[in-house]
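Have a look at the structure below before the remarks.
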Protein chains: 2
Amino acid sequence: MPRPSAIRNSIAELVSRSDRHGWTIEEVSAALEQRGVRADTSSVFRGLVRLADDGVIEALELGDGRVRYEARAEHHEHISCSSCGTVGAVPGCLVEQAIPSVEGATGFRVTGHRVHFTGLCVQCAPAAG
Amino acid sequence: MPRPSAIRNSIAELVSRSDRHGWTIEEVSAALEQRGVRADTSSVFRGLVRLADDGVIEALELGDGRVRYEARAEHHEHISCSSCGTVGAVPGCLVEQAIPSVEGATGFRVTGHRVHFTGLCVQCAPAAG
DNA sequence: TTCCGTGCAAAAGCTTTGCATATTG
DNA sequence: CAATATGCAAAGCTTTTGCACGGAA
């Protein structure tokens with residue numbers, strides 16, 4: 001039996017059991033600390049990479065140059081608030097059926113896709129008008 | 001009349017008149033050098049930022065942590081080859097009509113979106129099987 | 001003893017900025 | 001002279017990696 005990893009286990013519980021999407025390494029670190037788990041960034045990083053490799057969580061990129069992680073779940077897209085940064089999930093897939101035409105138009109063989117909406121979340125929309 | 005900028009002009013001609021998409025700063029620098037224009041990375045960077053501010057070109061992000069630029073044009077999505085990095089354009093918009101339902105499902109007010117396909121380009125697809 | 005997890009510190013890869021110089025109007 | 005462009009070098013940010021230590025099997 002492999003040696004238990006306190007930090008990695010905490011990360012797994014945190015990220016994988018939360019409905020929050022798109023955790024950054026920093027956010028995970030902060031959340032762990034709030035739970036009384038102090039962990040170095042490198043340990044959090046390694047934990048996340050490992051969990052992603054193991055298929056427990058998955059990595060994503062929302063265009064701000066920071067890697068994000070979230071519970072592995074059914075396919076969905078993402079939407080992030082340009083004001084506060086909150087990341088939400090957009091259920092379902094909006095482009096799946098368009099893949100054949102994309103392949104026809106580009107000549108590429110499509111192996112994956114990512115749809116990312118930006119906007120204002122419920123909290124920020126009123127304030128911004 | 002503002003002082004002319006040799007480098008910025010070269011960048012504008014290069015990026016804005018090419019049908020190539022998603023130029024990285026490094027790629028722009030290399031292309032300039034091939035044309036006999038030697039320019040420091042910072043100058044290329046500033047030129048690109050300025051041109052983007054002026055609306056001549058636009059910036060985009062394809063999830064690899066590098067900022068990319070391309071001619072400002074009609075709305076289109078992108079597809080990049082996971083083997084050689086080539087970036088192509090996917091004409092039209094695949095999610096525009098889905099925005100109302102996205103807003104309904106998420107509560108966000110949608111202000112923008114980005115669709116990014118990944119796959120294998122014509123050159124790389126055969127080699128990869 | 002042999003792994004494996006962790007912290008600390010440092011390297012890396014890009015982007016961005018500061019500063020001094022040069023060039024144009 | 002005043003304003004802008006440019007090069008060079010260095011700062012910043014986040015992600016990664018190297019090393020050494022310590023605990024578990």
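How things are named: the first chain in the structure tokens is A, the next is B, and so on; residues count from 1 in each chain; ligands count from 1 in the order shown.
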Based on DSSP run over this structure's backbone, return all residues of stretch 6-125 of chain B in alpha helix (DSSP H), as a ChimeraX atom specification. /B:6-16,25-34,41-53,99-106,124-125
Take the residues just selected and output them with N, CA and C atoms as a short mmCIF file (atom, residue, chain, number, x, y, z; two decimals), in the first residue's frame.
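Result went into again32.cif, see below:
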data_model
loop_
_atom_site.label_atom_id
_atom_site.label_comp_id
_atom_site.auth_asym_id
_atom_site.auth_seq_id
_atom_site.Cartn_x
_atom_site.Cartn_y
_atom_site.Cartn_z
N ALA B 6 9.30 52.32 -37.63
CA ALA B 6 9.65 51.29 -38.61
C ALA B 6 9.19 49.92 -38.15
N ILE B 7 9.48 49.62 -36.90
CA ILE B 7 9.14 48.29 -36.40
C ILE B 7 7.63 48.07 -36.34
N ARG B 8 6.95 49.05 -35.77
CA ARG B 8 5.50 48.87 -35.65
C ARG B 8 4.85 48.74 -37.02
N ASN B 9 5.35 49.52 -37.97
CA ASN B 9 4.79 49.42 -39.31
C ASN B 9 5.03 48.04 -39.92
N SER B 10 6.22 47.54 -39.70
CA SER B 10 6.53 46.21 -40.23
C SER B 10 5.62 45.16 -39.61
N ILE B 11 5.42 45.29 -38.31
CA ILE B 11 4.56 44.33 -37.63
C ILE B 11 3.14 44.41 -38.20
N ALA B 12 2.68 45.62 -38.37
CA ALA B 12 1.32 45.81 -38.88
C ALA B 12 1.17 45.15 -40.26
N GLU B 13 2.14 45.40 -41.12
CA GLU B 13 2.06 44.81 -42.45
C GLU B 13 2.09 43.30 -42.37
N LEU B 14 3.00 42.82 -41.56
CA LEU B 14 3.18 41.38 -41.42
C LEU B 14 1.93 40.69 -40.90
N VAL B 15 1.49 41.12 -39.75
CA VAL B 15 0.38 40.44 -39.09
C VAL B 15 -0.96 40.74 -39.76
N SER B 16 -1.10 41.99 -40.13
CA SER B 16 -2.40 42.40 -40.59
C SER B 16 -2.68 41.99 -42.03
N ILE B 25 4.66 36.41 -30.09
CA ILE B 25 5.65 37.48 -30.16
C ILE B 25 6.92 36.95 -30.82
N GLU B 26 7.29 35.77 -30.43
CA GLU B 26 8.50 35.17 -30.97
C GLU B 26 8.39 34.95 -32.48
N GLU B 27 7.25 34.49 -32.92
CA GLU B 27 7.06 34.26 -34.34
C GLU B 27 7.12 35.57 -35.13
N VAL B 28 6.55 36.60 -34.55
CA VAL B 28 6.61 37.91 -35.21
C VAL B 28 8.06 38.37 -35.31
N SER B 29 8.81 38.22 -34.22
CA SER B 29 10.21 38.62 -34.23
C SER B 29 10.97 37.89 -35.32
N ALA B 30 10.77 36.58 -35.39
CA ALA B 30 11.48 35.77 -36.38
C ALA B 30 11.12 36.20 -37.79
N ALA B 31 9.84 36.44 -38.02
CA ALA B 31 9.40 36.84 -39.36
C ALA B 31 9.98 38.19 -39.74
N LEU B 32 10.06 39.08 -38.77
CA LEU B 32 10.63 40.39 -39.04
C LEU B 32 12.09 40.24 -39.42
N GLU B 33 12.77 39.42 -38.68
CA GLU B 33 14.20 39.23 -38.94
C GLU B 33 14.41 38.67 -40.35
N GLN B 34 13.55 37.77 -40.75
CA GLN B 34 13.64 37.20 -42.10
C GLN B 34 13.47 38.28 -43.15
N THR B 41 12.75 42.09 -28.55
CA THR B 41 11.48 41.52 -28.11
C THR B 41 10.57 42.59 -27.50
N SER B 42 11.17 43.45 -26.71
CA SER B 42 10.35 44.48 -26.06
C SER B 42 9.74 45.41 -27.08
N SER B 43 10.46 45.69 -28.15
CA SER B 43 9.92 46.57 -29.18
C SER B 43 8.78 45.89 -29.91
N VAL B 44 8.97 44.60 -30.18
CA VAL B 44 7.90 43.85 -30.84
C VAL B 44 6.68 43.81 -29.93
N PHE B 45 6.95 43.55 -28.67
CA PHE B 45 5.87 43.50 -27.69
C PHE B 45 5.11 44.82 -27.67
N ARG B 46 5.84 45.91 -27.55
CA ARG B 46 5.18 47.21 -27.48
C ARG B 46 4.43 47.52 -28.78
N GLY B 47 5.03 47.12 -29.88
CA GLY B 47 4.36 47.35 -31.16
C GLY B 47 3.04 46.60 -31.23
N LEU B 48 3.08 45.36 -30.79
CA LEU B 48 1.86 44.55 -30.84
C LEU B 48 0.78 45.11 -29.92
N VAL B 49 1.19 45.48 -28.73
CA VAL B 49 0.23 46.04 -27.77
C VAL B 49 -0.42 47.30 -28.35
N ARG B 50 0.43 48.14 -28.90
CA ARG B 50 -0.05 49.39 -29.46
C ARG B 50 -1.03 49.14 -30.61
N LEU B 51 -0.66 48.25 -31.50
CA LEU B 51 -1.53 47.95 -32.64
C LEU B 51 -2.86 47.34 -32.17
N ALA B 52 -2.78 46.56 -31.11
CA ALA B 52 -4.01 45.96 -30.58
C ALA B 52 -4.88 47.06 -29.97
N ASP B 53 -4.23 47.98 -29.26
CA ASP B 53 -4.97 49.09 -28.66
C ASP B 53 -5.64 49.93 -29.76
N ILE B 99 -26.22 31.69 -26.54
CA ILE B 99 -26.00 32.61 -25.43
C ILE B 99 -27.21 32.79 -24.49
N PRO B 100 -28.39 32.97 -25.04
CA PRO B 100 -29.54 33.12 -24.14
C PRO B 100 -29.69 31.94 -23.17
N SER B 101 -29.54 30.75 -23.71
CA SER B 101 -29.70 29.59 -22.83
C SER B 101 -28.55 29.49 -21.83
N VAL B 102 -27.37 29.94 -22.24
CA VAL B 102 -26.23 29.94 -21.32
C VAL B 102 -26.51 30.92 -20.18
N GLU B 103 -27.04 32.07 -20.54
CA GLU B 103 -27.36 33.05 -19.51
C GLU B 103 -28.42 32.51 -18.57
N GLY B 104 -29.37 31.81 -19.13
CA GLY B 104 -30.41 31.24 -18.29
C GLY B 104 -29.87 30.18 -17.36
N ALA B 105 -28.97 29.37 -17.87
CA ALA B 105 -28.45 28.26 -17.07
C ALA B 105 -27.45 28.71 -16.01
N THR B 106 -26.75 29.80 -16.27
CA THR B 106 -25.68 30.20 -15.36
C THR B 106 -26.00 31.43 -14.53
N CYS B 124 0.08 17.00 -40.19
CA CYS B 124 0.38 16.11 -39.07
C CYS B 124 -0.57 14.93 -38.92
N ALA B 125 -1.76 15.05 -39.43
CA ALA B 125 -2.73 13.98 -39.26
C ALA B 125 -2.27 12.64 -39.80
#
Write out as a ChimeraX atom specification the set of residues from stretch 3-127 of chain A that DSSP, computed on the backbone, places in strand (DSSP E or B). /A:23-24,57-61,67-71,76-81,87-91,109-120
Residues near stretch 16-20 of chain D, anyone? I mean within 10 Å using only C-alpha atoms (C1' of nucleotides), not counting same-chain ones fewer than 2 positions away, as a PDB file with all heavy atoms, in the first residue's frame.
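Result file follows (part_13.pdb):
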ATOM      1  N   SER A  42       4.710  24.151  -4.071  1.00  0.00           N
ATOM      2  CA  SER A  42       5.212  23.040  -4.883  1.00  0.00           C
ATOM      3  C   SER A  42       4.497  21.735  -4.533  1.00  0.00           C
ATOM      4  O   SER A  42       4.245  20.903  -5.389  1.00  0.00           O
ATOM      5  CB  SER A  42       6.714  22.877  -4.692  1.00  0.00           C
ATOM      6  OG  SER A  42       7.017  22.512  -3.367  1.00  0.00           O
ATOM      7  N   PHE A  45       1.109  21.971  -6.070  1.00  0.00           N
ATOM      8  CA  PHE A  45       1.300  21.768  -7.502  1.00  0.00           C
ATOM      9  C   PHE A  45       1.452  20.291  -7.818  1.00  0.00           C
ATOM     10  O   PHE A  45       0.763  19.732  -8.672  1.00  0.00           O
ATOM     11  CB  PHE A  45       2.539  22.541  -7.966  1.00  0.00           C
ATOM     12  CG  PHE A  45       2.990  22.169  -9.345  1.00  0.00           C
ATOM     13  CD1 PHE A  45       2.264  22.561 -10.465  1.00  0.00           C
ATOM     14  CD2 PHE A  45       4.140  21.400  -9.523  1.00  0.00           C
ATOM     15  CE1 PHE A  45       2.682  22.208 -11.740  1.00  0.00           C
ATOM     16  CE2 PHE A  45       4.562  21.052 -10.796  1.00  0.00           C
ATOM     17  CZ  PHE A  45       3.840  21.447 -11.905  1.00  0.00           C
ATOM     18  N   ARG A  46       2.354  19.643  -7.108  1.00  0.00           N
ATOM     19  CA  ARG A  46       2.590  18.221  -7.377  1.00  0.00           C
ATOM     20  C   ARG A  46       1.352  17.392  -7.080  1.00  0.00           C
ATOM     21  O   ARG A  46       1.034  16.441  -7.795  1.00  0.00           O
ATOM     22  CB  ARG A  46       3.787  17.734  -6.573  1.00  0.00           C
ATOM     23  CG  ARG A  46       5.112  18.200  -7.177  1.00  0.00           C
ATOM     24  CD  ARG A  46       6.317  17.517  -6.532  1.00  0.00           C
ATOM     25  NE  ARG A  46       6.933  18.368  -5.539  1.00  0.00           N
ATOM     26  CZ  ARG A  46       8.195  18.820  -5.605  1.00  0.00           C
ATOM     27  NH1 ARG A  46       8.966  18.487  -6.610  1.00  0.00           N
ATOM     28  NH2 ARG A  46       8.682  19.581  -4.670  1.00  0.00           N
TER      29      ARG A  46
ATOM     30  P    DG C   7       4.661  20.846   2.814  1.00  0.00           P
ATOM     31  OP1  DG C   7       3.804  21.392   3.886  1.00  0.00           O
ATOM     32  OP2  DG C   7       4.239  20.987   1.407  1.00  0.00           O
ATOM     33  O5'  DG C   7       6.107  21.466   2.998  1.00  0.00           O
ATOM     34  C5'  DG C   7       6.823  21.177   4.197  1.00  0.00           C
ATOM     35  C4'  DG C   7       8.173  21.852   4.175  1.00  0.00           C
ATOM     36  O4'  DG C   7       9.033  21.201   3.207  1.00  0.00           O
ATOM     37  C3'  DG C   7       8.135  23.327   3.777  1.00  0.00           C
ATOM     38  O3'  DG C   7       9.112  24.028   4.554  1.00  0.00           O
ATOM     39  C2'  DG C   7       8.495  23.299   2.299  1.00  0.00           C
ATOM     40  C1'  DG C   7       9.444  22.111   2.210  1.00  0.00           C
ATOM     41  N9   DG C   7       9.431  21.380   0.949  1.00  0.00           N
ATOM     42  C8   DG C   7       8.330  21.042   0.206  1.00  0.00           C
ATOM     43  N7   DG C   7       8.622  20.358  -0.882  1.00  0.00           N
ATOM     44  C5   DG C   7      10.010  20.237  -0.842  1.00  0.00           C
ATOM     45  C6   DG C   7      10.901  19.589  -1.745  1.00  0.00           C
ATOM     46  O6   DG C   7      10.637  18.972  -2.784  1.00  0.00           O
ATOM     47  N1   DG C   7      12.220  19.711  -1.332  1.00  0.00           N
ATOM     48  C2   DG C   7      12.632  20.361  -0.202  1.00  0.00           C
ATOM     49  N2   DG C   7      13.939  20.376   0.016  1.00  0.00           N
ATOM     50  N3   DG C   7      11.815  20.961   0.650  1.00  0.00           N
ATOM     51  C4   DG C   7      10.518  20.859   0.268  1.00  0.00           C
ATOM     52  P    DC C   8       9.103  25.627   4.594  1.00  0.00           P
ATOM     53  OP1  DC C   8       9.317  26.037   5.996  1.00  0.00           O
ATOM     54  OP2  DC C   8       7.950  26.147   3.834  1.00  0.00           O
ATOM     55  O5'  DC C   8      10.423  25.923   3.778  1.00  0.00           O
ATOM     56  C5'  DC C   8      11.530  25.028   3.916  1.00  0.00           C
ATOM     57  C4'  DC C   8      12.672  25.452   3.027  1.00  0.00           C
ATOM     58  O4'  DC C   8      12.712  24.595   1.853  1.00  0.00           O
ATOM     59  C3'  DC C   8      12.581  26.880   2.510  1.00  0.00           C
ATOM     60  O3'  DC C   8      13.878  27.465   2.574  1.00  0.00           O
ATOM     61  C2'  DC C   8      12.085  26.724   1.086  1.00  0.00           C
ATOM     62  C1'  DC C   8      12.686  25.382   0.681  1.00  0.00           C
ATOM     63  N1   DC C   8      11.913  24.627  -0.331  1.00  0.00           N
ATOM     64  C2   DC C   8      12.591  23.804  -1.226  1.00  0.00           C
ATOM     65  O2   DC C   8      13.825  23.700  -1.136  1.00  0.00           O
ATOM     66  N3   DC C   8      11.885  23.124  -2.159  1.00  0.00           N
ATOM     67  C4   DC C   8      10.557  23.257  -2.227  1.00  0.00           C
ATOM     68  N4   DC C   8       9.911  22.566  -3.160  1.00  0.00           N
ATOM     69  C5   DC C   8       9.848  24.095  -1.315  1.00  0.00           C
ATOM     70  C6   DC C   8      10.561  24.759  -0.393  1.00  0.00           C
ATOM     71  P    DA C   9      14.088  28.981   2.100  1.00  0.00           P
ATOM     72  OP1  DA C   9      14.995  29.620   3.080  1.00  0.00           O
ATOM     73  OP2  DA C   9      12.789  29.614   1.777  1.00  0.00           O
ATOM     74  O5'  DA C   9      14.896  28.740   0.749  1.00  0.00           O
ATOM     75  C5'  DA C   9      15.766  27.603   0.660  1.00  0.00           C
ATOM     76  C4'  DA C   9      16.326  27.530  -0.738  1.00  0.00           C
ATOM     77  O4'  DA C   9      15.438  26.749  -1.583  1.00  0.00           O
ATOM     78  C3'  DA C   9      16.453  28.891  -1.402  1.00  0.00           C
ATOM     79  O3'  DA C   9      17.634  28.915  -2.193  1.00  0.00           O
ATOM     80  C2'  DA C   9      15.198  28.989  -2.231  1.00  0.00           C
ATOM     81  C1'  DA C   9      15.030  27.542  -2.685  1.00  0.00           C
ATOM     82  N9   DA C   9      13.668  27.158  -3.041  1.00  0.00           N
ATOM     83  C8   DA C   9      12.489  27.605  -2.514  1.00  0.00           C
ATOM     84  N7   DA C   9      11.413  27.085  -3.069  1.00  0.00           N
ATOM     85  C5   DA C   9      11.938  26.223  -4.025  1.00  0.00           C
ATOM     86  C6   DA C   9      11.329  25.360  -4.958  1.00  0.00           C
ATOM     87  N6   DA C   9      10.011  25.220  -5.091  1.00  0.00           N
ATOM     88  N1   DA C   9      12.133  24.643  -5.769  1.00  0.00           N
ATOM     89  C2   DA C   9      13.456  24.771  -5.651  1.00  0.00           C
ATOM     90  N3   DA C   9      14.153  25.540  -4.812  1.00  0.00           N
ATOM     91  C4   DA C   9      13.319  26.258  -4.018  1.00  0.00           C
ATOM     92  P    DA C  10      17.987  30.250  -3.022  1.00  0.00           P
ATOM     93  OP1  DA C  10      19.295  30.677  -2.480  1.00  0.00           O
ATOM     94  OP2  DA C  10      16.843  31.195  -3.033  1.00  0.00           O
ATOM     95  O5'  DA C  10      18.204  29.702  -4.496  1.00  0.00           O
ATOM     96  C5'  DA C  10      18.548  28.321  -4.690  1.00  0.00           C
ATOM     97  C4'  DA C  10      18.130  27.897  -6.075  1.00  0.00           C
ATOM     98  O4'  DA C  10      16.727  27.545  -6.099  1.00  0.00           O
ATOM     99  C3'  DA C  10      18.312  29.003  -7.122  1.00  0.00           C
ATOM    100  O3'  DA C  10      18.793  28.428  -8.321  1.00  0.00           O
ATOM    101  C2'  DA C  10      16.899  29.532  -7.306  1.00  0.00           C
ATOM    102  C1'  DA C  10      16.093  28.252  -7.153  1.00  0.00           C
ATOM    103  N9   DA C  10      14.678  28.421  -6.820  1.00  0.00           N
ATOM    104  C8   DA C  10      14.123  29.262  -5.890  1.00  0.00           C
ATOM    105  N7   DA C  10      12.810  29.200  -5.838  1.00  0.00           N
ATOM    106  C5   DA C  10      12.480  28.251  -6.786  1.00  0.00           C
ATOM    107  C6   DA C  10      11.254  27.722  -7.229  1.00  0.00           C
ATOM    108  N6   DA C  10      10.075  28.100  -6.729  1.00  0.00           N
ATOM    109  N1   DA C  10      11.277  26.789  -8.194  1.00  0.00           N
ATOM    110  C2   DA C  10      12.463  26.400  -8.696  1.00  0.00           C
ATOM    111  N3   DA C  10      13.690  26.823  -8.369  1.00  0.00           N
ATOM    112  C4   DA C  10      13.627  27.757  -7.396  1.00  0.00           C
ATOM    113  P    DA C  11      19.194  29.350  -9.542  1.00  0.00           P
ATOM    114  OP1  DA C  11      20.646  29.162  -9.761  1.00  0.00           O
ATOM    115  OP2  DA C  11      18.626  30.704  -9.367  1.00  0.00           O
ATOM    116  O5'  DA C  11      18.429  28.621 -10.737  1.00  0.00           O
ATOM    117  C5'  DA C  11      18.434  27.185 -10.763  1.00  0.00           C
ATOM    118  C4'  DA C  11      17.476  26.705 -11.827  1.00  0.00           C
ATOM    119  O4'  DA C  11      16.106  26.887 -11.385  1.00  0.00           O
ATOM    120  C3'  DA C  11      17.602  27.450 -13.143  1.00  0.00           C
ATOM    121  O3'  DA C  11      17.437  26.525 -14.196  1.00  0.00           O
ATOM    122  C2'  DA C  11      16.466  28.477 -13.078  1.00  0.00           C
ATOM    123  C1'  DA C  11      15.406  27.703 -12.304  1.00  0.00           C
ATOM    124  N9   DA C  11      14.450  28.498 -11.527  1.00  0.00           N
ATOM    125  C8   DA C  11      14.723  29.486 -10.616  1.00  0.00           C
ATOM    126  N7   DA C  11      13.646  29.996 -10.045  1.00  0.00           N
ATOM    127  C5   DA C  11      12.605  29.280 -10.612  1.00  0.00           C
ATOM    128  C6   DA C  11      11.205  29.327 -10.428  1.00  0.00           C
ATOM    129  N6   DA C  11      10.609  30.155  -9.576  1.00  0.00           N
ATOM    130  N1   DA C  11      10.451  28.497 -11.165  1.00  0.00           N
ATOM    131  C2   DA C  11      11.061  27.656 -12.021  1.00  0.00           C
ATOM    132  N3   DA C  11      12.349  27.518 -12.275  1.00  0.00           N
ATOM    133  C4   DA C  11      13.079  28.360 -11.536  1.00  0.00           C
ATOM    134  P    DA C  12      17.780  26.966 -15.696  1.00  0.00           P
ATOM    135  OP1  DA C  12      18.730  25.999 -16.279  1.00  0.00           O
ATOM    136  OP2  DA C  12      18.076  28.422 -15.710  1.00  0.00           O
ATOM    137  O5'  DA C  12      16.353  26.741 -16.357  1.00  0.00           O
ATOM    138  C5'  DA C  12      15.212  26.715 -15.513  1.00  0.00           C
ATOM    139  C4'  DA C  12      13.971  26.661 -16.361  1.00  0.00           C
ATOM    140  O4'  DA C  12      12.899  27.270 -15.616  1.00  0.00           O
ATOM    141  C3'  DA C  12      14.087  27.437 -17.666  1.00  0.00           C
ATOM    142  O3'  DA C  12      13.241  26.834 -18.620  1.00  0.00           O
ATOM    143  C2'  DA C  12      13.625  28.816 -17.257  1.00  0.00           C
ATOM    144  C1'  DA C  12      12.522  28.498 -16.223  1.00  0.00           C
ATOM    145  N9   DA C  12      12.390  29.476 -15.156  1.00  0.00           N
ATOM    146  C8   DA C  12      13.387  30.157 -14.509  1.00  0.00           C
ATOM    147  N7   DA C  12      12.947  30.981 -13.573  1.00  0.00           N
ATOM    148  C5   DA C  12      11.564  30.804 -13.604  1.00  0.00           C
ATOM    149  C6   DA C  12      10.530  31.374 -12.870  1.00  0.00           C
ATOM    150  N6   DA C  12      10.710  32.273 -11.898  1.00  0.00           N
ATOM    151  N1   DA C  12       9.263  31.010 -13.150  1.00  0.00           N
ATOM    152  C2   DA C  12       9.072  30.102 -14.125  1.00  0.00           C
ATOM    153  N3   DA C  12       9.981  29.482 -14.890  1.00  0.00           N
ATOM    154  C4   DA C  12      11.216  29.884 -14.575  1.00  0.00           C
TER     155       DA C  12
ATOM    156  P    DT D  14       0.828  35.581 -10.098  1.00  0.00           P
ATOM    157  OP1  DT D  14      -0.602  35.942 -10.208  1.00  0.00           O
ATOM    158  OP2  DT D  14       1.519  35.674  -8.797  1.00  0.00           O
ATOM    159  O5'  DT D  14       1.017  34.091 -10.655  1.00  0.00           O
ATOM    160  C5'  DT D  14       0.858  33.898 -12.005  1.00  0.00           C
ATOM    161  C4'  DT D  14       1.301  32.581 -12.546  1.00  0.00           C
ATOM    162  O4'  DT D  14       2.702  32.644 -12.871  1.00  0.00           O
ATOM    163  C3'  DT D  14       1.108  31.346 -11.661  1.00  0.00           C
ATOM    164  O3'  DT D  14       0.489  30.317 -12.432  1.00  0.00           O
ATOM    165  C2'  DT D  14       2.508  30.963 -11.238  1.00  0.00           C
ATOM    166  C1'  DT D  14       3.373  31.506 -12.372  1.00  0.00           C
ATOM    167  N1   DT D  14       4.707  31.936 -11.923  1.00  0.00           N
ATOM    168  C2   DT D  14       5.799  31.584 -12.660  1.00  0.00           C
ATOM    169  O2   DT D  14       5.724  30.953 -13.706  1.00  0.00           O
ATOM    170  N3   DT D  14       6.995  31.969 -12.146  1.00  0.00           N
ATOM    171  C4   DT D  14       7.209  32.665 -10.978  1.00  0.00           C
ATOM    172  O4   DT D  14       8.349  32.948 -10.616  1.00  0.00           O
ATOM    173  C5   DT D  14       6.017  33.036 -10.254  1.00  0.00           C
ATOM    174  C7   DT D  14       6.139  33.776  -8.977  1.00  0.00           C
ATOM    175  C6   DT D  14       4.831  32.653 -10.758  1.00  0.00           C
ATOM    176  P    DG D  22      15.446  15.462   9.091  1.00  0.00           P
ATOM    177  OP1  DG D  22      15.251  16.324  10.287  1.00  0.00           O
ATOM    178  OP2  DG D  22      16.535  14.457   9.057  1.00  0.00           O
ATOM    179  O5'  DG D  22      14.070  14.720   8.806  1.00  0.00           O
ATOM    180  C5'  DG D  22      12.896  15.491   8.521  1.00  0.00           C
ATOM    181  C4'  DG D  22      11.717  14.555   8.428  1.00  0.00           C
ATOM    182  O4'  DG D  22      11.725  13.907   7.121  1.00  0.00           O
ATOM    183  C3'  DG D  22      11.800  13.416   9.452  1.00  0.00           C
ATOM    184  O3'  DG D  22      10.484  13.066   9.856  1.00  0.00           O
ATOM    185  C2'  DG D  22      12.472  12.309   8.676  1.00  0.00           C
ATOM    186  C1'  DG D  22      11.870  12.506   7.290  1.00  0.00           C
ATOM    187  N9   DG D  22      12.680  12.016   6.185  1.00  0.00           N
ATOM    188  C8   DG D  22      14.052  11.926   6.108  1.00  0.00           C
ATOM    189  N7   DG D  22      14.477  11.432   4.974  1.00  0.00           N
ATOM    190  C5   DG D  22      13.312  11.176   4.266  1.00  0.00           C
ATOM    191  C6   DG D  22      13.130  10.637   2.977  1.00  0.00           C
ATOM    192  O6   DG D  22      13.981  10.253   2.170  1.00  0.00           O
ATOM    193  N1   DG D  22      11.773  10.544   2.645  1.00  0.00           N
ATOM    194  C2   DG D  22      10.744  10.928   3.448  1.00  0.00           C
ATOM    195  N2   DG D  22       9.516  10.763   2.977  1.00  0.00           N
ATOM    196  N3   DG D  22      10.901  11.447   4.659  1.00  0.00           N
ATOM    197  C4   DG D  22      12.209  11.530   4.996  1.00  0.00           C
TER     198       DG D  22
END
Sorted per-residue table, chain C near chain A, closest atoms and distance, 7 Å, only C-alpha atoms (C1' of nucleotides), as a tab-separated table:
residue	atom	partner	partner_atom	distance
C:DC4	C1'	A:Arg3	CA	6.7
C:DG5	C1'	A:Ser5	CA	6.4
C:DT6	C1'	A:Ser43	CA	6.4
C:DG7	C1'	A:Asp40	CA	6.4
I need the residues from that last selection saved to file as a short mmCIF file (atom, residue, chain, number, x, y, z; two decimals), in the first residue's frame (with N, CA and C atoms (P, O5', C5', C4', C3', O3' and C1' of nucleotides)), if you can.
data_model
loop_
_atom_site.label_atom_id
_atom_site.label_comp_id
_atom_site.auth_asym_id
_atom_site.auth_seq_id
_atom_site.Cartn_x
_atom_site.Cartn_y
_atom_site.Cartn_z
P DC C 4 7.64 4.73 -4.84
"O5'" DC C 4 7.14 5.91 -3.89
"C5'" DC C 4 6.32 5.59 -2.77
"C4'" DC C 4 6.06 6.84 -1.95
"C3'" DC C 4 5.69 8.06 -2.79
"O3'" DC C 4 4.63 8.70 -2.10
"C1'" DC C 4 7.52 8.57 -1.41
P DG C 5 3.83 9.82 -2.80
"O5'" DG C 5 3.86 10.94 -1.67
"C5'" DG C 5 3.58 10.54 -0.34
"C4'" DG C 5 3.91 11.68 0.62
"C3'" DG C 5 3.45 13.06 0.14
"O3'" DG C 5 3.05 13.79 1.28
"C1'" DG C 5 5.81 13.05 0.35
P DT C 6 2.26 15.14 1.09
"O5'" DT C 6 3.38 16.20 1.44
"C5'" DT C 6 4.38 15.83 2.35
"C4'" DT C 6 5.28 16.98 2.73
"C3'" DT C 6 4.95 18.34 2.14
"O3'" DT C 6 4.97 19.32 3.15
"C1'" DT C 6 7.18 17.69 1.55
P DG C 7 4.66 20.85 2.81
"O5'" DG C 7 6.11 21.47 3.00
"C5'" DG C 7 6.82 21.18 4.20
"C4'" DG C 7 8.17 21.85 4.17
"C3'" DG C 7 8.13 23.33 3.78
"O3'" DG C 7 9.11 24.03 4.55
"C1'" DG C 7 9.44 22.11 2.21
#
I want to know what sits within 9 Å of C:DT15, based on only C-alpha atoms (C1' of nucleotides), with residues of the same chain fewer than 6 positions away left out; could you give that as a PDB file with N, CA and C atoms (P, O5', C5', C4', C3', O3' and C1' of nucleotides), in the first residue's frame?
ATOM      1  N   PHE B  45       6.952  43.548 -28.671  1.00  0.00           N
ATOM      2  CA  PHE B  45       5.871  43.503 -27.693  1.00  0.00           C
ATOM      3  C   PHE B  45       5.111  44.815 -27.675  1.00  0.00           C
ATOM      4  N   ARG B  66       0.855  31.605 -23.955  1.00  0.00           N
ATOM      5  CA  ARG B  66       1.502  32.626 -24.761  1.00  0.00           C
ATOM      6  C   ARG B  66       0.454  33.507 -25.419  1.00  0.00           C
ATOM      7  N   VAL B  67       0.690  34.787 -25.405  1.00  0.00           N
ATOM      8  CA  VAL B  67      -0.246  35.708 -26.033  1.00  0.00           C
ATOM      9  C   VAL B  67      -0.040  35.635 -27.534  1.00  0.00           C
TER      10      VAL B  67
ATOM     11  P    DG D  12      10.011  43.813  -9.022  1.00  0.00           P
ATOM     12  O5'  DG D  12       8.754  43.104  -9.667  1.00  0.00           O
ATOM     13  C5'  DG D  12       8.837  42.664 -11.015  1.00  0.00           C
ATOM     14  C4'  DG D  12       7.487  42.206 -11.469  1.00  0.00           C
ATOM     15  C3'  DG D  12       6.802  41.275 -10.462  1.00  0.00           C
ATOM     16  O3'  DG D  12       5.398  41.353 -10.628  1.00  0.00           O
ATOM     17  C1'  DG D  12       7.529  40.029 -12.364  1.00  0.00           C
ATOM     18  P    DC D  13       4.430  40.861  -9.420  1.00  0.00           P
ATOM     19  O5'  DC D  13       3.718  39.618 -10.087  1.00  0.00           O
ATOM     20  C5'  DC D  13       4.242  39.109 -11.310  1.00  0.00           C
ATOM     21  C4'  DC D  13       3.332  38.076 -11.874  1.00  0.00           C
ATOM     22  C3'  DC D  13       2.860  37.055 -10.839  1.00  0.00           C
ATOM     23  O3'  DC D  13       1.627  36.471 -11.232  1.00  0.00           O
ATOM     24  C1'  DC D  13       4.457  36.065 -12.282  1.00  0.00           C
TER      25       DC D  13
END
